[in-house]
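Shown next: run_27.tsv, containing TSV, C-alpha atoms.
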chain	number	residue	atom	x	y	z
A	1	MET	CA	0.00	0.00	0.00
A	2	ALA	CA	1.37	3.40	-1.00
A	3	ILE	CA	1.87	5.94	1.79
A	4	ASP	CA	-0.14	9.15	1.54
A	5	GLU	CA	2.28	11.92	0.51
A	6	GLY	CA	1.10	14.34	3.21
A	7	ARG	CA	1.36	11.74	5.97
A	8	ALA	CA	4.81	10.68	4.75
A	9	TRP	CA	6.05	14.29	4.82
A	10	ALA	CA	4.70	14.75	8.35
A	11	LEU	CA	6.48	11.59	9.55
A	12	LYS	CA	9.79	12.53	7.94
A	13	THR	CA	9.58	16.08	9.33
A	14	PHE	CA	8.20	15.51	12.82
A	15	GLY	CA	8.91	11.86	13.57
A	16	PRO	CA	6.44	9.26	14.91
A	17	ASP	CA	3.91	11.85	16.15
A	18	GLY	CA	3.82	13.57	12.76
A	19	VAL	CA	0.54	12.03	11.58
A	20	LEU	CA	-1.26	13.10	14.77
A	21	VAL	CA	0.21	16.60	14.50
A	22	ARG	CA	-1.04	16.85	10.91
A	23	GLU	CA	-4.53	15.68	11.86
A	24	GLN	CA	-4.93	17.88	14.94
A	25	ILE	CA	-3.74	21.26	13.65
A	26	SER	CA	-6.91	22.01	11.70
A	27	ALA	CA	-9.11	21.03	14.65
A	28	ILE	CA	-7.12	23.25	17.01
A	29	ILE	CA	-7.43	26.30	14.76
A	30	ARG	CA	-11.13	25.62	14.12
A	31	ASN	CA	-11.71	25.43	17.87
A	32	CYS	CA	-9.81	28.67	18.49
A	33	HIS	CA	-11.71	30.38	15.66
A	34	GLU	CA	-15.07	29.35	17.10
A	35	LYS	CA	-14.20	30.47	20.63
A	36	MET	CA	-12.78	33.81	19.58
A	37	ALA	CA	-15.60	34.50	17.11
A	38	ASN	CA	-18.15	33.88	19.83
A	39	ALA	CA	-16.17	36.01	22.30
A	40	GLN	CA	-16.24	38.80	19.69
A	41	ALA	CA	-20.01	38.43	19.29
A	42	GLU	CA	-20.53	38.41	23.05
A	43	ALA	CA	-18.41	41.56	23.47
A	44	GLU	CA	-20.79	43.54	21.20
A	45	MET	CA	-17.99	45.80	20.01
A	46	THR	CA	-17.81	47.55	16.64
A	47	HIS	CA	-14.13	46.71	16.10
A	48	SER	CA	-12.72	43.17	15.90
A	49	GLY	CA	-10.00	43.59	18.53
A	50	VAL	CA	-11.35	40.73	20.62
A	51	TYR	CA	-11.15	38.25	17.74
A	52	GLY	CA	-7.77	39.69	16.82
A	53	GLN	CA	-6.26	37.90	19.82
A	54	ILE	CA	-6.74	34.59	18.00
A	55	TRP	CA	-3.02	34.69	17.15
A	56	ARG	CA	-2.14	34.27	20.82
A	57	LYS	CA	-4.96	31.76	21.42
A	58	CYS	CA	-3.59	29.53	18.66
A	59	LEU	CA	-0.04	29.80	19.99
A	60	ASP	CA	-1.19	28.76	23.46
A	61	GLU	CA	-3.37	25.89	22.21
A	62	PHE	CA	-0.63	24.47	20.00
A	63	VAL	CA	1.46	24.09	23.15
A	64	ALA	CA	-1.46	22.88	25.32
A	65	VAL	CA	-2.71	20.24	22.86
A	66	LEU	CA	0.25	19.17	20.74
A	67	GLY	CA	2.56	19.48	23.73
A	68	LYS	CA	0.89	16.38	25.22
A	69	LEU	CA	2.16	14.13	22.43
A	70	PRO	CA	5.01	11.83	23.53
A	71	SER	CA	7.81	13.37	21.43
A	72	ALA	CA	6.80	17.02	21.87
A	73	GLU	CA	9.34	19.59	23.01
A	74	ILE	CA	8.41	23.01	24.41
A	75	LEU	CA	10.65	25.84	23.21
A	76	PRO	CA	10.84	29.26	24.88
A	77	LEU	CA	10.85	32.18	22.45
A	78	ARG	CA	11.17	35.72	23.80
A	79	GLY	CA	8.37	35.39	26.34
A	80	TYR	CA	6.31	32.90	24.32
A	81	LYS	CA	6.36	29.15	24.06
A	82	LEU	CA	6.32	27.04	20.91
A	83	VAL	CA	5.92	23.33	20.42
A	84	ALA	CA	8.48	21.38	18.39
A	85	PHE	CA	8.92	17.81	17.18
A	86	ASN	CA	12.16	16.26	16.01
A	87	GLY	CA	13.79	19.68	16.47
A	88	VAL	CA	11.33	21.35	14.06
A	89	ALA	CA	9.33	24.24	15.54
A	90	LEU	CA	5.67	24.86	14.68
A	91	PHE	CA	4.42	28.43	14.35
A	92	PRO	CA	0.74	29.27	13.63
A	93	TRP	CA	0.52	32.54	11.67
A	94	ARG	CA	-2.66	34.47	10.96
A	95	PHE	CA	-1.44	36.08	7.78
A	96	ALA	CA	-4.71	37.60	6.55
A	97	ARG	CA	-8.37	38.25	7.26
A	98	GLU	CA	-9.68	37.62	3.75
A	99	ARG	CA	-9.78	34.61	1.43
A	100	SER	CA	-8.27	36.56	-1.45
A	101	ALA	CA	-4.99	37.41	0.34
A	102	ASP	CA	-1.80	35.88	-1.05
A	103	ILE	CA	0.56	34.34	1.52
A	104	GLY	CA	3.55	35.42	-0.55
A	105	SER	CA	2.49	39.07	-0.40
A	106	GLN	CA	2.39	39.25	3.41
A	107	PRO	CA	5.59	40.18	5.30
A	108	PHE	CA	6.47	37.82	8.14
A	109	ALA	CA	9.44	39.53	9.81
A	110	VAL	CA	7.45	42.31	11.50
A	111	SER	CA	9.04	41.78	14.92
A	112	ASN	CA	12.32	40.66	16.44
A	113	THR	CA	10.49	37.72	17.99
A	114	ARG	CA	9.49	36.35	14.60
A	115	ILE	CA	12.96	36.91	13.19
A	116	SER	CA	14.51	35.07	16.13
A	117	LEU	CA	12.40	32.03	15.28
A	118	PHE	CA	14.70	31.45	12.30
A	119	GLU	CA	17.90	32.50	14.06
A	120	GLN	CA	17.67	31.15	17.59
A	121	GLU	CA	19.98	28.21	18.15
A	122	ARG	CA	18.30	25.19	19.65
A	123	ASN	CA	19.80	22.41	21.71
A	124	GLN	CA	21.08	20.23	18.91
A	125	MET	CA	20.14	16.58	19.17
A	126	PRO	CA	20.09	13.76	16.62
A	127	PRO	CA	16.71	13.34	14.92
A	128	ARG	CA	14.28	11.45	17.16
A	129	LEU	CA	12.50	9.16	14.74
A	130	GLU	CA	12.53	6.00	16.84
A	131	ILE	CA	9.18	4.53	17.87
A	132	GLU	CA	9.10	4.80	21.67
A	133	PHE	CA	5.32	4.51	22.13
A	134	ASP	CA	2.50	2.65	20.45
A	135	HIS	CA	1.19	4.42	17.36
A	136	PRO	CA	-1.91	2.55	16.19
A	137	GLU	CA	-2.63	5.35	13.70
A	138	LEU	CA	0.42	4.32	11.63
A	139	THR	CA	0.40	1.65	8.95
A	140	THR	CA	3.06	-1.02	8.55
A	141	GLU	CA	4.48	0.93	5.61
A	142	GLU	CA	4.67	4.12	7.67
A	143	LEU	CA	6.45	2.34	10.52
A	144	ALA	CA	8.95	1.00	7.99
A	145	LEU	CA	9.42	4.53	6.62
A	146	LEU	CA	10.24	5.83	10.09
A	147	ASP	CA	12.70	3.01	10.64
A	148	ALA	CA	14.44	3.79	7.34
A	149	GLU	CA	14.56	7.52	8.12
A	150	SER	CA	15.99	6.84	11.57
A	151	THR	CA	18.75	4.69	10.11
A	152	ALA	CA	19.60	7.26	7.44
A	153	LEU	CA	19.52	10.31	9.72
A	154	GLY	CA	20.75	8.86	13.00
A	155	SER	CA	24.13	10.55	12.75
A	156	VAL	CA	22.95	13.82	11.22
A	157	MET	CA	22.83	16.99	13.31
A	158	SER	CA	21.54	20.23	11.82
A	159	THR	CA	22.66	23.63	13.08
A	160	GLN	CA	20.06	25.54	11.07
A	161	PRO	CA	16.76	26.07	12.91
A	162	ARG	CA	13.91	24.39	11.05
A	163	VAL	CA	10.47	25.95	11.17
A	164	VAL	CA	7.13	24.73	9.85
A	165	VAL	CA	4.77	27.68	9.57
A	166	VAL	CA	0.99	27.18	9.70
A	167	PRO	CA	-0.50	30.19	7.87
A	168	TYR	CA	-4.25	30.66	8.24
A	169	ALA	CA	-6.67	33.32	7.02
A	170	SER	CA	-9.70	34.16	9.16
A	171	ASN	CA	-12.00	36.83	10.50
A	172	PRO	CA	-14.90	36.72	13.00
A	173	PHE	CA	-17.21	35.49	10.23
A	174	ALA	CA	-15.19	32.71	8.61
A	175	LEU	CA	-12.10	30.55	8.69
A	176	HIS	CA	-10.91	30.65	5.10
A	177	SER	CA	-7.73	28.58	4.99
A	178	VAL	CA	-5.29	26.52	7.04
A	179	ASP	CA	-2.04	25.44	5.37
A	180	TRP	CA	1.40	24.33	6.44
A	181	GLY	CA	4.89	23.93	5.07
A	182	GLU	CA	8.54	24.22	6.02
A	183	ALA	CA	9.64	27.81	5.54
A	184	THR	CA	12.78	29.91	5.31
A	185	LEU	CA	12.94	33.64	6.00
A	186	GLY	CA	14.42	35.85	3.32
A	187	GLU	CA	16.38	39.05	3.88
A	188	ASP	CA	13.33	40.94	2.61
A	189	GLY	CA	11.25	39.66	5.55
A	190	TYR	CA	9.08	37.35	3.45
A	191	LEU	CA	8.77	33.58	3.76
A	192	THR	CA	9.63	31.02	1.13
A	193	PHE	CA	7.96	27.62	1.42
A	194	GLU	CA	9.52	24.44	0.08
A	195	SER	CA	6.01	23.05	-0.36
A	196	MET	CA	2.54	23.76	0.96
A	197	GLU	CA	-0.36	21.52	1.97
A	198	SER	CA	-3.89	22.56	2.89
A	199	LEU	CA	-5.01	21.17	6.25
A	200	LEU	CA	-8.48	22.71	6.30
A	201	GLU	CA	-10.30	19.46	5.59
A	202	ILE	CA	-7.83	17.13	7.32
A	203	GLY	CA	-8.94	15.81	10.66
A	204	VAL	CA	-12.45	17.23	10.38
A	205	GLY	CA	-14.51	15.57	13.08
A	206	THR	CA	-11.43	14.36	14.93
A	207	LEU	CA	-11.93	14.51	18.68
A	208	ILE	CA	-9.11	16.29	20.45
A	209	ASP	CA	-8.59	17.28	24.05
A	210	ILE	CA	-8.18	21.05	24.15
A	211	ASN	CA	-7.56	22.01	27.76
A	212	PRO	CA	-7.58	25.60	29.01
A	213	ALA	CA	-4.36	27.22	30.10
A	214	GLU	CA	-3.43	27.27	33.78
A	215	GLU	CA	-5.46	30.45	34.20
A	216	ASP	CA	-8.84	30.73	32.54
A	217	ALA	CA	-8.89	33.13	29.63
A	218	PHE	CA	-11.81	35.40	28.82
A	219	SER	CA	-12.75	33.12	25.94
A	220	GLU	CA	-13.24	30.07	28.17
A	221	GLY	CA	-16.51	28.89	29.67
A	222	PRO	CA	-20.04	28.69	28.28
A	223	ILE	CA	-20.81	31.47	25.82
A	224	PRO	CA	-24.05	31.81	23.85
A	225	ARG	CA	-22.92	30.53	20.47
A	226	PRO	CA	-24.26	31.66	17.12
A	227	GLN	CA	-23.48	29.16	14.37
A	228	LEU	CA	-20.00	30.22	13.33
A	229	GLY	CA	-17.31	28.20	11.68
A	230	VAL	CA	-15.81	27.46	8.31
A	231	LYS	CA	-17.80	28.89	5.42
A	232	GLU	CA	-17.32	28.32	1.74
A	233	GLU	CA	-18.14	31.90	0.79
A	234	GLU	CA	-16.46	34.94	2.32
A	235	GLU	CA	-18.58	37.22	4.47
A	236	GLY	CA	-17.87	40.77	5.54
A	237	ASN	CA	-15.42	43.23	4.06
A	238	GLU	CA	-12.64	43.45	6.66
A	239	ALA	CA	-9.24	44.34	5.28
A	240	HIS	CA	-6.10	42.78	6.63
A	241	GLY	CA	-4.28	45.17	8.94
Can the structure in the file be given as structure tokens, please?
Amino acid sequence: MAIDEGRAWALKTFGPDGVLVREQISAIIRNCHEKMANAQAEAEMTHSGVYGQIWRKCLDEFVAVLGKLPSAEILPLRGYKLVAFNGVALFPWRFARERSADIGSQPFAVSNTRISLFEQERNQMPPRLEIEFDHPELTTEELALLDAESTALGSVMSTQPRVVVVPYASNPFALHSVDWGEATLGEDGYLTFESMESLLEIGVGTLIDINPAEEDAFSEGPIPRPQLGVKEEEEGNEAHG
């Protein structure tokens, strides 16, 4: 049986938890979108500043949810925390509000914190591709792929920080896109992706355990919920700021 290309890339990049990471990202961002959209509606404010905090909500939930996977590492980054697998950091990036925005036209290096993501040296360790826990979600072919990758990369140590960016476009009315790909940061402050995969429809309906942070945020708890979520057609006319 041939291995799905997206699953294979996730395993090679993130190790044995890669398939679960790939499946859960979309669900995490959907959950954050729903909570922040409903918080915005509950606030009854004319501007979308409440929903605008989704960038921090997604950062926190990536750590809270994906950080529970066996091979997860938590990386400090200038006051924030990121989750990493196999030495590869994950960074959710709300790059636009509208469906029509082009990822390549949006500058990434708008702060020293973001720049440091591609410059900060990490504790260098050999790739961790060995199966240390049961992974019933993996096929026999995928387990063999991991074993082959571990053998090939066991003595390789990279000094260049590796980052997989998860760009998503959303506003209080709709979640338009969720993608991911390994990125490099150019001198012009824009990202270049080796490849890109849409995750919007991956893992739909997957049950995940999204726990609140140590202190309850304003978006936690029961909130009267209008029916908000992913919509095929764009609503509203917000411009990306």
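Atom CA of A:Val165 is positioned 26.4 Å from atom CA of A:Thr139.
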Worksheet item: So which residues touch A:Val21 within 10 Å, counting all atoms listed in the file, skipping near sequence neighbours fewer than 4 positions away, as a PyMOL selection string?
Response: chain A and resi 7+10-11+14-17+25-26+62+65-67+69+72+85+90+203
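Using only C-alpha atoms for every distance, the candidate list A:Val63, A:Ala109, A:Ser48, A:Glu42 yields A:Val63 as the residue closest to A:Pro76.
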Discussion item. Env of A:Gly181: 6 Å cut, atoms = all atoms listed in the file, seq-sep filter 6 positions within chain, self excluded. Answer as a ChimeraX atom specification.
Written reply: /A:164-165,195-196
How would the residues just picked look written out with C-alpha atoms as a compact mmCIF listing (two decimals), in the frame of the given file?
# COMPACT_ATOMS: atom_id res chain seq x y z
CA VAL A 164 7.13 24.73 9.85
CA VAL A 165 4.77 27.68 9.57
CA SER A 195 6.01 23.05 -0.36
CA MET A 196 2.54 23.76 0.96
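The list of residues with at least one atom within 9 Å of A:Arg30, based on all atoms listed in the file and without residues fewer than 2 positions apart in the same chain, reads A:Ile25, A:Ser26, A:Ala27, A:Ile28, A:Cys32, A:His33, A:Glu34, A:Lys35, A:Leu175, A:Leu200, A:Gly229, A:Val230.
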Worksheet item: Of the residues A:Trp9, A:Phe95, A:Phe173, A:Tyr190, which is the one nearest to A:Pro107, using only C-alpha atoms?
Response: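 Answer, going by the shortest atom-to-atom distance: A:Tyr190.
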Worksheet item: Suppose you want the space between atom CA of A:Leu146 and atom CA of A:Ala84; what is it in Å?
Response: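 Rounded to one decimal, the two atoms are 17.7 Å apart.
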Worksheet item: atom CA of A:Arg97 and atom CA of A:Ala169 are how many Å apart?
Response: 5.2 Å
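Minimum atom-to-atom distance to A:Glu197, evaluated using only C-alpha atoms, belongs to A:Ser177 out of A:Thr140, A:Thr46, A:Gln24, A:Ser177.
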Practice prompt. Check the smallest atom-to-atom distance from each of A:Ser170, A:Ser116, A:Ser105, A:Gln40 to A:Trp55 using only C-alpha atoms, then report the winner.
Written response: A:Ser170
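Of the listed residues (A:Arg162, A:His176, A:Arg99, A:Lys68), A:Arg162 comes nearest to A:Thr13; the distances count all atoms listed in the file.
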Once 4 Å is added on each side, what are the centre and the three edge lengths, in Å to one decimal, of the axis-aligned box enclosing the listed atoms of stretch 47-58 of chain A? Present them as AutoDock Vina command-line options.
--center_x -8.1 --center_y 38.1 --center_z 18.7 --size_x 20.0 --size_y 25.2 --size_z 13.5
